[in-house]
Each structure stands twice: as C-alpha cells, then as structure tokens.
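Student: Just so it is clear, I am handing over run-v3.cif, which has mmCIF, C-alpha atoms.
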```cif
data_data
#
loop_
_atom_site.label_atom_id
_atom_site.label_comp_id
_atom_site.auth_asym_id
_atom_site.auth_seq_id
_atom_site.Cartn_x
_atom_site.Cartn_y
_atom_site.Cartn_z
CA MET A 1 209.60 111.66 142.42
CA PHE A 2 212.13 110.12 140.03
CA THR A 3 211.84 111.94 136.70
CA SER A 4 213.95 109.27 134.99
CA SER A 5 211.02 106.88 135.23
CA MET A 6 208.59 109.43 133.81
CA SER A 7 207.41 109.51 130.22
CA VAL A 8 207.00 113.19 129.35
CA GLY A 9 205.01 114.73 126.51
CA LEU A 10 205.29 118.35 125.34
CA ASP A 11 202.72 120.19 123.20
CA VAL A 12 203.72 123.69 122.06
CA GLY A 13 200.59 125.35 120.67
CA SER A 14 199.94 128.84 119.37
CA GLN A 15 198.28 129.93 122.63
CA SER A 16 199.65 127.64 125.35
CA ILE A 17 202.38 125.14 126.17
CA LYS A 18 201.21 121.87 127.73
CA LEU A 19 203.46 119.44 129.57
CA VAL A 20 202.48 116.07 131.09
CA GLY A 21 204.35 113.33 132.91
CA MET A 22 203.13 109.77 133.36
CA GLN A 23 204.32 106.32 134.31
CA LYS A 24 203.70 103.93 131.45
CA GLN A 25 202.27 100.45 131.88
CA ARG A 26 202.34 98.74 128.47
CA ASP A 27 199.68 100.53 126.40
CA THR A 28 198.35 102.67 129.26
CA GLY A 29 199.74 105.36 131.51
CA ASN A 30 199.23 106.66 135.04
CA LEU A 31 199.12 110.44 134.84
CA LYS A 32 201.32 111.91 137.57
CA LEU A 33 201.58 115.58 136.71
CA PHE A 34 200.46 118.12 134.14
CA GLY A 35 200.40 121.86 133.60
CA GLN A 36 200.36 124.63 131.05
CA VAL A 37 201.61 128.19 130.56
CA ALA A 38 200.63 130.85 128.05
CA VAL A 39 202.78 131.27 124.94
CA PRO A 40 204.45 134.70 124.77
CA PRO A 41 202.54 136.70 122.10
CA GLY A 42 203.95 136.37 118.59
CA THR A 43 206.51 133.68 119.45
CA VAL A 44 204.65 130.70 117.91
CA GLU A 45 202.81 131.08 114.60
CA ASN A 46 201.33 128.28 112.49
CA GLY A 47 203.29 125.69 114.43
CA LEU A 48 206.64 127.45 113.98
CA ILE A 49 208.56 128.63 117.04
CA ASN A 50 210.09 131.86 115.76
CA ASN A 51 211.57 132.91 119.11
CA PRO A 52 212.96 129.80 120.83
CA GLU A 53 214.59 131.88 123.58
CA GLU A 54 211.31 133.35 124.84
CA VAL A 55 209.43 130.08 124.42
CA GLY A 56 212.22 128.21 126.19
CA ASN A 57 212.17 130.63 129.11
CA GLU A 58 208.40 130.26 129.58
CA LEU A 59 208.60 126.50 129.19
CA GLY A 60 211.39 126.52 131.77
CA LYS A 61 209.02 128.04 134.34
CA LEU A 62 206.61 125.14 133.78
CA VAL A 63 209.46 122.62 133.95
CA GLU A 64 210.53 124.06 137.31
CA GLN A 65 206.96 124.07 138.60
CA LEU A 66 206.46 120.41 137.71
CA LYS A 67 209.98 119.46 138.85
CA LEU A 68 210.88 117.96 135.48
CA LYS A 69 214.25 119.59 134.85
CA GLY A 70 216.59 117.19 133.05
CA SER A 71 213.75 114.94 131.87
CA LYS A 72 213.68 113.31 128.46
CA VAL A 73 210.71 114.50 126.43
CA VAL A 74 208.94 113.77 123.16
CA SER A 75 207.19 116.54 121.25
CA ALA A 76 205.49 117.11 117.90
CA LEU A 77 205.66 119.42 114.91
CA SER A 78 202.54 120.94 113.42
CA GLY A 79 201.25 123.67 111.13
CA GLN A 80 201.31 124.48 107.44
CA GLN A 81 205.05 123.86 107.19
CA VAL A 82 204.61 120.14 107.91
CA TYR A 83 204.19 118.38 104.57
CA THR A 84 202.57 114.96 104.19
CA ARG A 85 201.83 112.67 101.25
CA LEU A 86 200.74 109.06 100.75
CA MET A 87 203.23 107.49 98.31
CA THR A 88 203.42 104.23 96.38
CA LEU A 89 206.94 102.85 96.01
CA PRO A 90 208.54 99.54 95.04
CA ALA A 91 208.91 97.37 98.15
CA MET A 92 212.47 97.57 99.42
CA ARG A 93 214.44 98.05 102.60
CA PRO A 94 213.21 100.94 104.82
CA SER A 95 216.39 102.98 104.31
CA GLU A 96 216.05 102.65 100.53
CA MET A 97 212.37 103.60 100.66
CA ARG A 98 213.24 106.73 102.66
CA THR A 99 215.73 107.72 99.97
CA ALA A 100 213.20 107.00 97.20
CA ALA A 101 210.45 108.94 99.02
CA LEU A 102 212.75 111.92 99.50
CA TYR A 103 213.61 111.90 95.78
CA GLN A 104 209.92 111.68 94.84
CA SER A 105 209.09 114.55 97.21
CA THR A 106 211.06 117.00 95.06
CA SER A 107 208.07 117.03 92.69
CA PHE A 108 205.67 118.54 95.25
CA LEU A 109 207.62 120.11 98.13
CA PRO A 110 207.64 123.94 97.94
CA ILE A 111 211.13 124.05 99.49
CA SER A 112 214.46 122.36 98.83
CA VAL A 113 214.97 118.88 100.26
CA ASP A 114 218.18 120.26 101.77
CA ASP A 115 216.03 122.40 104.07
CA ILE A 116 213.80 119.63 105.44
CA THR A 117 213.86 116.73 107.87
CA ALA A 118 211.72 113.79 106.74
CA ASP A 119 210.58 110.26 107.58
CA ILE A 120 208.19 107.60 106.29
CA TYR A 121 205.59 105.35 107.95
CA PRO A 122 204.67 102.04 106.25
CA VAL A 123 200.97 101.63 105.44
CA ARG A 124 200.68 98.38 103.47
CA GLN A 125 202.32 96.14 100.89
CA PHE A 126 200.56 94.72 97.84
CA ASP A 127 201.26 92.84 94.62
CA ASP A 128 201.25 94.73 91.33
CA PRO A 129 201.92 93.65 87.73
CA GLN A 130 205.24 95.48 88.13
CA GLY A 131 206.09 93.52 91.28
CA LYS A 132 205.79 94.00 95.04
CA MET A 133 204.77 97.55 95.95
CA ALA A 134 204.44 99.43 99.22
CA GLU A 135 202.35 102.38 100.36
CA VAL A 136 204.12 104.71 102.78
CA PHE A 137 203.05 107.91 104.52
CA PHE A 138 205.69 110.57 103.93
CA VAL A 139 206.19 113.39 106.46
CA ALA A 140 208.55 116.35 106.13
CA ALA A 141 209.11 119.60 108.00
CA ARG A 142 211.51 122.51 107.77
CA LYS A 143 214.78 121.88 109.59
CA THR A 144 214.40 125.31 111.20
CA GLN A 145 211.13 124.19 112.79
CA ALA A 146 212.80 121.16 114.37
CA GLU A 147 215.95 123.06 115.36
CA ASN A 148 213.96 125.78 117.14
CA MET A 149 212.01 123.16 119.10
CA VAL A 150 215.29 121.53 120.18
CA LYS A 151 216.69 124.90 121.24
CA ALA A 152 213.57 125.84 123.25
CA CYS A 153 213.74 122.52 125.11
CA GLU A 154 217.44 122.96 125.87
CA ILE A 155 216.81 126.43 127.33
CA ALA A 156 213.97 124.99 129.45
CA GLY A 157 216.14 122.19 130.82
CA LEU A 158 214.54 119.34 128.87
CA LYS A 159 216.22 116.70 126.69
CA LEU A 160 214.21 116.35 123.47
CA THR A 161 214.63 112.75 122.30
CA ARG A 162 212.06 112.52 119.52
CA LEU A 163 209.93 114.73 117.29
CA GLU A 164 206.76 113.39 115.71
CA ILE A 165 203.61 114.79 114.13
CA GLU A 166 200.46 115.44 116.14
CA PRO A 167 198.25 112.88 114.35
CA LEU A 168 200.53 110.06 115.55
CA ALA A 169 200.12 111.24 119.14
CA LEU A 170 196.33 111.31 118.73
CA LYS A 171 196.40 107.87 117.13
CA THR A 172 198.20 106.49 120.21
CA LEU A 173 195.76 108.10 122.64
CA TYR A 174 192.62 107.18 120.71
CA GLN A 175 193.74 103.74 119.50
CA PRO A 176 190.84 101.94 121.26
CA HIS A 177 188.40 104.01 119.16
CA LEU A 178 190.14 103.52 115.80
CA GLN A 179 188.39 100.48 114.40
CA LYS A 180 190.59 97.76 112.95
CA ASP A 181 190.18 97.29 109.18
CA LYS A 182 188.05 100.46 109.12
CA VAL A 183 188.74 104.06 108.11
CA SER A 184 188.44 106.48 111.03
CA ALA A 185 189.25 110.17 111.41
CA VAL A 186 190.15 112.71 114.09
CA ILE A 187 189.25 116.41 113.93
CA ASN A 188 191.43 118.56 116.19
CA ILE A 189 190.11 122.14 116.47
CA GLY A 190 192.90 124.22 118.01
CA ALA A 191 193.17 127.88 118.88
CA GLN A 192 194.24 129.16 115.46
CA ARG A 193 194.06 126.14 113.15
CA SER A 194 192.32 122.80 112.84
CA TYR A 195 193.21 119.64 111.01
CA LEU A 196 191.56 116.47 109.82
CA SER A 197 193.53 113.23 110.12
CA VAL A 198 192.28 110.06 108.43
CA PHE A 199 193.49 106.65 109.62
CA GLN A 200 193.27 103.37 107.74
CA SER A 201 193.64 100.43 110.13
CA SER A 202 195.03 103.00 112.60
CA THR A 203 197.76 104.20 110.18
CA PRO A 204 197.61 107.85 109.00
CA VAL A 205 196.85 108.10 105.29
CA PHE A 206 195.51 111.65 104.89
CA ILE A 207 196.01 114.94 106.77
CA ARG A 208 194.45 118.28 105.89
CA SER A 209 195.20 121.55 107.71
CA ILE A 210 192.29 124.00 107.98
CA GLY A 211 192.54 127.71 108.73
CA PHE A 212 189.90 127.78 111.46
CA GLY A 213 190.42 127.94 115.21
CA CYS A 214 188.28 128.48 118.29
CA THR A 215 189.89 131.92 118.77
CA ALA A 216 187.16 133.12 116.42
CA PHE A 217 184.56 132.50 119.15
CA PHE A 218 186.53 134.55 121.67
CA GLN A 219 186.81 137.42 119.22
CA GLN A 220 183.37 137.45 117.58
CA ILE A 221 180.79 136.11 120.05
CA PRO A 222 179.68 139.10 122.18
CA GLN A 223 178.80 137.02 125.28
CA ILE A 224 182.32 135.57 125.38
CA VAL A 225 184.07 138.82 124.49
CA GLU A 226 182.28 140.50 127.42
CA ASN A 227 183.01 137.54 129.76
CA GLU A 228 179.31 136.78 130.20
CA CYS A 229 179.75 133.09 129.43
CA ARG A 230 182.25 130.40 128.49
CA LEU A 231 182.49 128.47 125.22
CA GLU A 232 180.85 125.42 126.84
CA ASP A 233 177.86 127.57 127.79
CA LEU A 234 177.03 128.16 124.12
CA ASN A 235 175.45 125.70 121.70
CA ALA A 236 176.56 124.84 118.18
CA GLU A 237 172.95 125.28 117.01
CA ASP A 238 173.02 129.00 117.93
CA PRO A 239 172.95 131.13 114.75
CA ASP A 240 176.15 133.00 115.67
CA CYS A 241 177.97 129.72 116.31
CA GLN A 242 176.69 128.19 113.07
CA ARG A 243 177.92 131.24 111.17
CA LEU A 244 181.43 130.80 112.56
CA LEU A 245 181.42 127.03 112.06
CA ARG A 246 180.36 127.32 108.42
CA ASN A 247 183.92 127.77 107.12
CA LEU A 248 185.08 124.74 109.11
CA ILE A 249 182.18 122.61 107.83
CA ASP A 250 182.83 123.60 104.21
CA GLU A 251 186.54 122.76 104.49
CA LEU A 252 185.80 119.42 106.16
CA VAL A 253 183.29 118.50 103.46
CA ARG A 254 185.79 119.36 100.71
CA SER A 255 188.55 117.41 102.47
CA LEU A 256 186.39 114.31 102.96
CA ASP A 257 185.19 114.50 99.36
CA TYR A 258 188.79 114.68 98.16
CA PHE A 259 189.71 111.66 100.30
CA ARG A 260 186.78 109.69 98.84
CA LEU A 261 187.84 110.67 95.32
CA GLN A 262 191.36 109.37 95.94
CA ASN A 263 190.17 106.27 97.84
CA LYS A 264 187.02 105.11 96.07
CA GLU A 265 186.87 101.80 97.99
CA ASP A 266 187.19 103.41 101.42
CA SER A 267 184.91 105.71 103.38
CA VAL A 268 185.31 107.26 106.82
CA THR A 269 183.10 105.36 109.27
CA ASN A 270 183.53 107.44 112.43
CA ILE A 271 185.17 110.69 113.56
CA LEU A 272 186.63 111.65 116.94
CA LEU A 273 186.67 115.29 117.99
CA CYS A 274 189.22 117.03 120.25
CA GLY A 275 190.75 120.44 120.83
CA GLY A 276 189.50 123.53 122.62
CA CYS A 277 186.48 124.00 120.35
CA ALA A 278 185.20 120.55 121.34
CA ARG A 279 183.96 122.30 124.49
CA LEU A 280 181.21 123.99 122.46
CA GLY A 281 177.87 122.51 123.50
CA GLY A 282 176.36 120.06 121.01
CA ILE A 283 179.17 120.40 118.50
CA GLU A 284 179.50 116.65 117.98
CA GLU A 285 175.80 116.31 117.07
CA TYR A 286 176.01 119.32 114.79
CA LEU A 287 179.06 117.99 112.94
CA SER A 288 177.49 114.52 112.70
CA ARG A 289 174.48 115.99 110.92
CA GLU A 290 176.45 118.30 108.63
CA LEU A 291 179.03 115.67 107.64
CA ASN A 292 176.62 112.72 107.66
CA ILE A 293 179.19 110.73 109.66
CA SER A 294 179.10 109.74 113.33
CA VAL A 295 181.16 112.27 115.34
CA GLN A 296 182.02 111.65 119.01
CA LEU A 297 184.09 113.51 121.56
CA GLY A 298 187.46 111.84 122.08
CA SER A 299 187.82 110.01 125.39
CA ILE A 300 191.12 109.68 127.25
CA VAL A 301 190.17 107.34 130.10
CA GLU A 302 190.63 104.11 128.13
CA ARG A 303 194.40 104.60 128.14
CA ILE A 304 195.06 107.23 130.82
CA LYS A 305 194.52 106.65 134.54
CA LEU A 306 193.85 110.04 136.09
CA PRO A 307 195.02 111.08 139.58
CA PRO A 308 192.28 110.54 142.19
CA ASN A 309 192.33 114.10 143.52
CA ILE A 310 191.79 116.18 140.37
CA THR A 311 188.71 118.36 139.89
CA GLU A 312 186.03 118.06 137.22
CA GLU A 313 187.40 121.22 135.61
CA GLN A 314 190.84 119.66 135.39
CA LYS A 315 189.33 116.52 133.86
CA ASP A 316 187.72 118.68 131.16
CA ASP A 317 191.02 120.47 130.55
CA LEU A 318 192.78 117.13 130.08
CA ARG A 319 190.09 115.81 127.77
CA PHE A 320 189.88 118.85 125.51
CA ASP A 321 193.24 120.63 125.74
CA TYR A 322 195.82 117.92 126.51
CA PRO A 323 195.24 115.03 124.04
CA ILE A 324 198.40 115.73 122.03
CA ALA A 325 200.63 115.99 125.11
CA LEU A 326 199.02 112.85 126.58
CA GLY A 327 199.46 110.91 123.37
CA LEU A 328 203.10 111.95 123.09
CA ALA A 329 203.82 110.88 126.67
CA LEU A 330 202.01 107.60 126.03
CA ARG A 331 204.33 106.95 123.08
CA GLY A 332 207.30 107.38 125.42
CA GLY A 333 209.96 110.05 125.62
CA ALA A 334 213.04 107.90 126.11
#
```
Please render this file's structure as structure tokens.
Tutor:
Amino acid sequence: MFTSSMSVGLDVGSQSIKLVGMQKQRDTGNLKLFGQVAVPPGTVENGLINNPEEVGNELGKLVEQLKLKGSKVVSALSGQQVYTRLMTLPAMRPSEMRTAALYQSTSFLPISVDDITADIYPVRQFDDPQGKMAEVFFVAARKTQAENMVKACEIAGLKLTRLEIEPLALKTLYQPHLQKDKVSAVINIGAQRSYLSVFQSSTPVFIRSIGFGCTAFFQQIPQIVENECRLEDLNAEDPDCQRLLRNLIDELVRSLDYFRLQNKEDSVTNILLCGGCARLGGIEEYLSRELNISVQLGSIVERIKLPPNITEEQKDDLRFDYPIALGLALRGGA
C-alpha cells in the first residue's frame, strides 16, 4: 500500500487516539484503514497534550500497526483553550483582515496575542453605510497546544501538514446534511466535553464548549459500572440517564438562546449528533423534544465508502467515534 497516496486524519481525544487513512475521490473517500489506541492517563486534558512524548509513543504504535510511518497527516485542536469569535471588519485583502482580526482579538482573548496561533474564515460580505464590510470567523489557540501536537506527531513518525478545528472536520463530513441557505448545528458529545457548532450556509458562525461528557455514564450508571450493559443498551428516557443529561440540555438551551439573541433573523433548523454518547438509545428523540429542534444521528456513508469486510460493530465505531478523524482525512492531509 502506498502511503503517499493516502489522505490521513488524526484525532487526539482525551480518552483515545483515532487514525484513519483513505483514498480521496473529489468530495468522497474510500476508507482503507483505521484504528485507535488508548491515551495514556493524564497526558491529554481539555484538548491540550501536556506530555507529547508519551502521546507520541502511543501514537507511534498505532502508526506502525497501520503501516503509516512517514505519512502526511492533518489533525485538529480542541478544548477550552481554542478561542473563537464572529467578527465584522471592513472588507479588505485576507492578509489585512487577519491582522485586523488579531488586533481586535486583544479585547477578548485571556492571553497575549504573542502566545497564540490564529486564522480567519470568511463568512459573508455586505454593504454598510460605512462601506463594504465582511464577517469572518476568528479562531485562535495557544502556540503550546499546536507545538505539542507537532512534537507528538514527529515522535510517532508522522508529518503534520495542517492543524484545524474539529467543527471544520465535521462540516466536511456532514456537508450533505448542512442545508444551503439554512442554519444547521452539530452536537459532538465526547468523553469529557461536548460542544455545539452552528453553521450558516455550511460556514461555522458559533461554537460553544460544554463541560459534559459520556464518561459520566461510565462512572455513575450502576449497570455500566458493573459491566452489566453497554451505553447503547440504555435509553435516554431512563430516569438515571435523564438526570445525567439535564446539565447538557440546560447548557444547550442557553447556548441556542444566546445564538438566537445575537442572530435574531436566523434560527437553527436541524441538528446532527455525533460522539460516543450518541450511542445512547433514543438520545436523538429525547434531544429533539427537549430542544424543540429536529435532531438526527450523523451519517458518514454519504461521503465515506466503507471497506466491504468490516463488521457491524466496526461500522458503529466509525459512525460514533471516528467522525472527526474521517472529516480531517476527507479534507486532505497533503
């Protein structure tokens, strides 16, 4: 297998590291290989790799297993130390808008601009009494966060060519479900944290991180703690599950209300759900009722052709646990 022709996506989560390789065909990809390894305890917290040596060594085992050593890879930054903001700036050249956005960010960033790496994503241009204006989505992260990701990849034998944010990977994977000229959202419920991403005409305009993860089920539901059942064997309507989901629901309601307050002419029309907690039985119906918005499980088959010999369990793993890695690989690692 020639790794040079592979598009490789890497997702470093708080509990596991996922790696996928695919051959791209325009907007779709043929999945060729995938795998995951557990994250060494305490080495990744809130999206920050605080021990790149240990993470790199574990990732290296997966790289060897999948025969991807020397491959180019694209990965993503996540967590509370990724800062986002929708900005309105005078329309100008992209390089000038980046400089203007960075200057404007000094009013809300909790750290010095000297300690961050940042970029902007155009949203729209419009006419204003003051002249032509542009809306851009500003993204920044600590340089340390990016540097540690680069170091972990180097130790593992990978060549990191691009770092993005997770919502862009999900946008790529779920593009067929993000309605044009509509406002859609994706809820990703991870192991330790969740986040809500809102897309306007498939461009990210709002991201909110939420301190809830499906680890709570594995720590507080007796049947799971005692290995009597799996998360997918439970139902979101169970009282114990509803109790745990309450904090998530409340945060989602507040986040959606805030988005509506800031965007009075726009409302979220549909929500896609992914992440480990999406395995919980009936969770999409429960969220639909609580949020009063249609919620559906994210589907990967519109853009990803799966290998013919994988099991149903592997298909579920790919659907629930691998969307970020799949989306990153689909964007291309070269």
Student: Ranking A:Ala152, A:Leu330, A:Leu19, A:Ala91 by minimum distance to Gln175 in chain A and counting all atoms listed in the file, which one comes first?
Tutor: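 Looking only at the distances to Gln175 in chain A, the closest residue turns out to be A:Leu330.
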Student: I need the residue nearest Leu196 in chain A from this list: A:Gly275, A:Pro176, A:Pro308, A:Gly131. Use only C-alpha atoms for the distance.
Tutor: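 Residue with the minimum atom-to-atom distance to Leu196 in chain A: A:Gly275.
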Student: For Gln23 in chain A, which residue out of A:Ala101, A:Ile210, A:Leu245, A:Met6 is the nearest one, using all atoms listed in the file?
Tutor: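 Closest to Gln23 in chain A, using all atoms listed in the file: A:Met6.
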Student: If the PyMOL selection byres ((chain A and resi 68) around 10) were run on this exact file, what residues would it hold? Put them as a PyMOL selection string.
Tutor: chain A and resi 1-4+6+8+19-21+33+60+62-67+69-73+156-158
Student: Pull the closest atom pair for each residue of range 300-327 of chain A that gets at most 12 Å from range 212-235 of chain A, along with the distance in Å to one decimal, counting all atoms listed in the file, ordering rows by chain and then ascending residue number, as CSV.
Tutor:
```
residue,atom,partner,partner_atom,distance
A:Glu313,CA,A:Glu232,CA,11.7
A:Asp316,CA,A:Glu232,CA,10.5
A:Asp317,CA,A:Glu232,CA,11.9
A:Phe320,CA,A:Glu232,CA,11.2
A:Asp321,CA,A:Cys214,CA,11.9
```
Student: Could you save those same residues with C-alpha atoms as a PDB file, in the coordinates of the input?
Tutor:
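Saved the output as selection-v2.pdb:
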```pdb
ATOM      1  CA  GLU A 313     187.400 121.220 135.610  1.00  0.00           C
ATOM      2  CA  ASP A 316     187.720 118.680 131.160  1.00  0.00           C
ATOM      3  CA  ASP A 317     191.020 120.470 130.550  1.00  0.00           C
ATOM      4  CA  PHE A 320     189.880 118.850 125.510  1.00  0.00           C
ATOM      5  CA  ASP A 321     193.240 120.630 125.740  1.00  0.00           C
TER       6      ASP A 321
END
```
Student: Could you list, as a PyMOL selection string, every residue matched by the PyMOL selection byres ((chain A and resi 39) around 8) in this structure?
Tutor: chain A and resi 13-17+37-38+40-41+43-44+55+58
Student: If you apply the PyMOL selection byres ((chain A and resi 113-120) around 8) to this file, what residues do you get, as a ChimeraX atom specification?
Tutor: /A:98,101-102,105-106,109,111-112,121-122,136-144,146
Student: Put a box with edges along x, y and z around all the listed atoms of range 301-315 of chain A, pad it by 8 Å on each side, then give me its centre and sizes in Å, one decimal, as lines of an AutoDock Vina configuration file.
Tutor:
```
center_x = 190.5
center_y = 112.7
center_z = 135.8
size_x = 25.0
size_y = 33.1
size_z = 31.4
```
Student: Which is closer to Arg303 in chain A than all the others in A:Leu173, A:Leu163, A:Ile283, A:Met97, using all atoms listed in the file?
Tutor: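 Nearest candidate to Arg303 in chain A out of A:Leu173, A:Leu163, A:Ile283, A:Met97: A:Leu173.
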Student: From the list A:Ala236, A:Leu10, A:Leu244, A:Ile207, which residue is nearest Gly35 in chain A when using only C-alpha atoms?
Tutor: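 Closest to Gly35 in chain A, using only C-alpha atoms: A:Leu10.
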